[in-house]
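Input: a single structure, listed below in structure tokens.
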Amino acid sequence: MFGLLMESEIISADKILNNSSKPFVAIIGGAKVSDKILILENLLERATDIIIGGGMAYTFMKAEGGQIGNSLFEADKVGTALNLLKNAELGCKYSPSG
């Protein structure tokens, strides 16, 4: 059984993913790419733009060869981030904001 917050998030996500109109800009953040892979893959199919914030933006910046200093990133997800970026080029604009 899920809590009320989880239920609310699922209902909101379903509404956004299945009943959105274009243009559709998604803003997603969090600490880890690994926690958001499935969401990002689904957004690539629906969103016209995706803005990535939070700590996971550093993994995407690193995947593009960017300088992130001592910022934390998921080294084992750099390849995943790179694949998501390549797929984003097919129909979605990508914009990291760290």
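Identifiers in this document derive from the order of the structure tokens: chains are assigned A, B, ..., residues are numbered from 1 separately in each chain, and ligands are numbered from 1 in order of occurrence.
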
DSSP-assigned alpha helix (DSSP H) among chain A, expressed as an MDAnalysis selection string: chainID A and resid 4:18 37:46 56:63 78:88

Ala57 in chain A surroundings by only C-alpha atoms, 9 Å radius, close-in-sequence under 3 positions cut, as a list in words: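 Residues meeting the cut-off are Gly29, Gly30, Ala31, Lys32, Val33, Ile52, Gly53, Gly54, Phe60, Met61, Lys62, Phe73, Pro96, Ser97 and Gly98 of chain A.
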
Expected file: the selected residues, all heavy atoms, as a JSON list (two decimals), in the first residue's frame:
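The file below, part_39.json, is the result:
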```
[["chain", "number", "residue", "atom", "x", "y", "z"],
["A", 29, "GLY", "N", 14.55, 17.17, -11.38],
["A", 29, "GLY", "CA", 15.76, 17.29, -10.59],
["A", 29, "GLY", "C", 15.88, 16.12, -9.63],
["A", 29, "GLY", "O", 15.03, 15.26, -9.58],
["A", 30, "GLY", "N", 16.94, 16.13, -8.92],
["A", 30, "GLY", "CA", 17.20, 15.07, -7.96],
["A", 30, "GLY", "C", 18.69, 14.84, -7.87],
["A", 30, "GLY", "O", 19.48, 15.44, -8.62],
["A", 31, "ALA", "N", 19.06, 13.99, -6.98],
["A", 31, "ALA", "CA", 20.49, 13.75, -6.77],
["A", 31, "ALA", "C", 21.06, 12.74, -7.75],
["A", 31, "ALA", "O", 22.21, 12.85, -8.15],
["A", 31, "ALA", "CB", 20.72, 13.26, -5.33],
["A", 32, "LYS", "N", 20.27, 11.75, -8.15],
["A", 32, "LYS", "CA", 20.82, 10.65, -8.94],
["A", 32, "LYS", "C", 20.06, 10.41, -10.24],
["A", 32, "LYS", "O", 18.84, 10.36, -10.25],
["A", 32, "LYS", "CB", 20.76, 9.36, -8.13],
["A", 32, "LYS", "CG", 21.55, 9.34, -6.87],
["A", 32, "LYS", "CD", 21.32, 7.98, -6.28],
["A", 32, "LYS", "CE", 21.89, 7.73, -4.96],
["A", 32, "LYS", "NZ", 21.54, 6.40, -4.48],
["A", 33, "VAL", "N", 20.81, 10.21, -11.30],
["A", 33, "VAL", "CA", 20.24, 9.82, -12.58],
["A", 33, "VAL", "C", 19.58, 8.45, -12.45],
["A", 33, "VAL", "O", 18.52, 8.19, -13.00],
["A", 33, "VAL", "CB", 21.32, 9.78, -13.69],
["A", 33, "VAL", "CG1", 20.76, 9.26, -14.99],
["A", 33, "VAL", "CG2", 21.93, 11.16, -13.87],
["A", 52, "ILE", "N", 17.10, 19.78, -16.71],
["A", 52, "ILE", "CA", 17.59, 18.90, -15.66],
["A", 52, "ILE", "C", 18.33, 19.73, -14.63],
["A", 52, "ILE", "O", 19.26, 20.46, -14.96],
["A", 52, "ILE", "CB", 18.50, 17.80, -16.25],
["A", 52, "ILE", "CG1", 17.68, 16.93, -17.18],
["A", 52, "ILE", "CG2", 19.14, 16.99, -15.13],
["A", 52, "ILE", "CD1", 18.45, 15.86, -17.89],
["A", 53, "GLY", "N", 17.92, 19.60, -13.40],
["A", 53, "GLY", "CA", 18.54, 20.35, -12.31],
["A", 53, "GLY", "C", 18.99, 19.41, -11.20],
["A", 53, "GLY", "O", 18.93, 18.19, -11.33],
["A", 54, "GLY", "N", 19.41, 20.00, -10.13],
["A", 54, "GLY", "CA", 19.84, 19.21, -8.99],
["A", 54, "GLY", "C", 21.18, 18.53, -9.25],
["A", 54, "GLY", "O", 21.86, 18.80, -10.24],
["A", 60, "PHE", "N", 25.15, 14.59, -16.27],
["A", 60, "PHE", "CA", 24.94, 14.95, -17.67],
["A", 60, "PHE", "C", 26.04, 15.88, -18.17],
["A", 60, "PHE", "O", 26.52, 15.74, -19.29],
["A", 60, "PHE", "CB", 23.56, 15.59, -17.85],
["A", 60, "PHE", "CG", 22.44, 14.60, -17.86],
["A", 60, "PHE", "CD1", 21.83, 14.23, -16.67],
["A", 60, "PHE", "CD2", 22.02, 14.02, -19.04],
["A", 60, "PHE", "CE1", 20.80, 13.29, -16.67],
["A", 60, "PHE", "CE2", 20.99, 13.09, -19.05],
["A", 60, "PHE", "CZ", 20.38, 12.72, -17.86],
["A", 61, "MET", "N", 26.44, 16.83, -17.34],
["A", 61, "MET", "CA", 27.52, 17.72, -17.74],
["A", 61, "MET", "C", 28.81, 16.95, -17.96],
["A", 61, "MET", "O", 29.54, 17.19, -18.92],
["A", 61, "MET", "CB", 27.73, 18.80, -16.67],
["A", 61, "MET", "CG", 26.63, 19.81, -16.61],
["A", 61, "MET", "SD", 26.98, 21.00, -15.29],
["A", 61, "MET", "CE", 25.38, 21.75, -15.12],
["A", 62, "LYS", "N", 29.11, 16.01, -17.07],
["A", 62, "LYS", "CA", 30.30, 15.17, -17.20],
["A", 62, "LYS", "C", 30.22, 14.34, -18.48],
["A", 62, "LYS", "O", 31.22, 14.18, -19.19],
["A", 62, "LYS", "CB", 30.43, 14.27, -15.97],
["A", 62, "LYS", "CG", 31.71, 13.51, -15.90],
["A", 62, "LYS", "CD", 32.86, 14.41, -15.55],
["A", 62, "LYS", "CE", 34.09, 13.61, -15.21],
["A", 62, "LYS", "NZ", 35.24, 14.46, -14.94],
["A", 73, "PHE", "N", 28.92, 13.23, -8.88],
["A", 73, "PHE", "CA", 28.21, 12.72, -10.06],
["A", 73, "PHE", "C", 28.26, 11.21, -10.00],
["A", 73, "PHE", "O", 29.04, 10.63, -9.26],
["A", 73, "PHE", "CB", 28.82, 13.26, -11.36],
["A", 73, "PHE", "CG", 30.16, 12.66, -11.71],
["A", 73, "PHE", "CD1", 30.26, 11.66, -12.65],
["A", 73, "PHE", "CD2", 31.31, 13.10, -11.08],
["A", 73, "PHE", "CE1", 31.49, 11.10, -12.97],
["A", 73, "PHE", "CE2", 32.54, 12.56, -11.38],
["A", 73, "PHE", "CZ", 32.63, 11.56, -12.34],
["A", 96, "PRO", "N", 20.79, 21.32, -19.21],
["A", 96, "PRO", "CA", 21.16, 21.08, -17.81],
["A", 96, "PRO", "C", 21.29, 22.40, -17.06],
["A", 96, "PRO", "O", 21.75, 23.38, -17.61],
["A", 96, "PRO", "CB", 22.51, 20.38, -17.92],
["A", 96, "PRO", "CG", 23.11, 20.94, -19.16],
["A", 96, "PRO", "CD", 21.94, 21.18, -20.10],
["A", 97, "SER", "N", 20.87, 22.40, -15.83],
["A", 97, "SER", "CA", 21.06, 23.59, -14.99],
["A", 97, "SER", "C", 21.48, 23.12, -13.62],
["A", 97, "SER", "O", 20.67, 22.61, -12.87],
["A", 97, "SER", "CB", 19.77, 24.41, -14.92],
["A", 97, "SER", "OG", 18.76, 23.68, -14.30],
["A", 98, "GLY", "N", 22.77, 23.25, -13.34],
["A", 98, "GLY", "CA", 23.29, 22.72, -12.09],
["A", 98, "GLY", "C", 23.23, 23.67, -10.96],
["A", 98, "GLY", "O", 22.85, 24.76, -10.94]]
```

Members of chain A assigned strand (DSSP E) by DSSP, as a list of chain:residue names: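 Matching residues, listed in order: A:Val25, A:Ala26, A:Ile27, A:Ile28, A:Asp49, A:Ile50, A:Ile51, A:Ile52, A:Lys93, A:Tyr94, A:Ser95, A:Pro96.
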
Using N, CA and C atoms, can you write the selected residues to a file as a short mmCIF file (atom, residue, chain, number, x, y, z; two decimals), in the first residue's frame?
```cif
data_model
loop_
_atom_site.label_atom_id
_atom_site.label_comp_id
_atom_site.auth_asym_id
_atom_site.auth_seq_id
_atom_site.Cartn_x
_atom_site.Cartn_y
_atom_site.Cartn_z
N VAL A 25 7.15 21.31 -21.55
CA VAL A 25 8.46 21.47 -20.94
C VAL A 25 8.47 20.72 -19.61
N ALA A 26 9.43 19.83 -19.43
CA ALA A 26 9.56 19.07 -18.19
C ALA A 26 10.78 19.58 -17.43
N ILE A 27 10.61 19.81 -16.15
CA ILE A 27 11.71 20.19 -15.28
C ILE A 27 11.85 19.07 -14.27
N ILE A 28 13.02 18.46 -14.25
CA ILE A 28 13.23 17.33 -13.37
C ILE A 28 14.56 17.50 -12.64
N ASP A 49 10.89 19.97 -24.45
CA ASP A 49 12.10 20.45 -23.77
C ASP A 49 12.20 19.77 -22.41
N ILE A 50 13.42 19.49 -21.97
CA ILE A 50 13.65 18.95 -20.64
C ILE A 50 14.73 19.78 -19.98
N ILE A 51 14.45 20.25 -18.78
CA ILE A 51 15.43 20.97 -17.98
C ILE A 51 15.81 20.07 -16.82
N ILE A 52 17.10 19.78 -16.71
CA ILE A 52 17.59 18.90 -15.66
C ILE A 52 18.33 19.73 -14.63
N LYS A 93 14.74 19.14 -26.76
CA LYS A 93 15.89 19.98 -26.40
C LYS A 93 16.31 19.61 -24.98
N TYR A 94 17.61 19.61 -24.74
CA TYR A 94 18.13 19.26 -23.43
C TYR A 94 18.82 20.48 -22.84
N SER A 95 18.55 20.75 -21.58
CA SER A 95 19.17 21.90 -20.94
C SER A 95 19.51 21.58 -19.49
N PRO A 96 20.79 21.32 -19.21
CA PRO A 96 21.16 21.08 -17.81
C PRO A 96 21.29 22.40 -17.06
#
```

Within 12 Å of range 34-38 of chain A: each range 61-85 of chain A residue with its shortest pair, only C-alpha atoms, as JSON lines:
```
{"residue": "A:Phe73", "atom": "CA", "partner": "A:Ser34", "partner_atom": "CA", "distance": 10.8}
{"residue": "A:Glu74", "atom": "CA", "partner": "A:Ser34", "partner_atom": "CA", "distance": 8.2}
{"residue": "A:Ala75", "atom": "CA", "partner": "A:Ser34", "partner_atom": "CA", "distance": 10.9}
{"residue": "A:Asp76", "atom": "CA", "partner": "A:Ser34", "partner_atom": "CA", "distance": 9.3}
{"residue": "A:Lys77", "atom": "CA", "partner": "A:Ser34", "partner_atom": "CA", "distance": 7.0}
{"residue": "A:Val78", "atom": "CA", "partner": "A:Ser34", "partner_atom": "CA", "distance": 10.3}
{"residue": "A:Gly79", "atom": "CA", "partner": "A:Ser34", "partner_atom": "CA", "distance": 11.5}
{"residue": "A:Thr80", "atom": "CA", "partner": "A:Ile37", "partner_atom": "CA", "distance": 8.3}
{"residue": "A:Ala81", "atom": "CA", "partner": "A:Ile37", "partner_atom": "CA", "distance": 8.7}
{"residue": "A:Leu82", "atom": "CA", "partner": "A:Ile37", "partner_atom": "CA", "distance": 11.9}
{"residue": "A:Asn83", "atom": "CA", "partner": "A:Ile37", "partner_atom": "CA", "distance": 10.8}
{"residue": "A:Leu84", "atom": "CA", "partner": "A:Ile37", "partner_atom": "CA", "distance": 8.7}
{"residue": "A:Leu85", "atom": "CA", "partner": "A:Ile37", "partner_atom": "CA", "distance": 11.9}
```

Selected residue, from A:Met56, A:Leu17, A:Lys22, A:Asn70, that lies nearest to Asn42 in chain A when counting only C-alpha atoms: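 Among the listed residues, A:Leu17 lies closest to Asn42 in chain A.
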
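Counting from CA of Leu43 in chain A, the distance to CA of Leu72 in chain A is 24.2 Å.
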
Point-to-point distance in Å for CA of Ser12 in chain A and CA of Arg46 in chain A: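 Straight-line distance from CA of Arg46 in chain A to CA of Ser12 in chain A works out to 15.1 Å.
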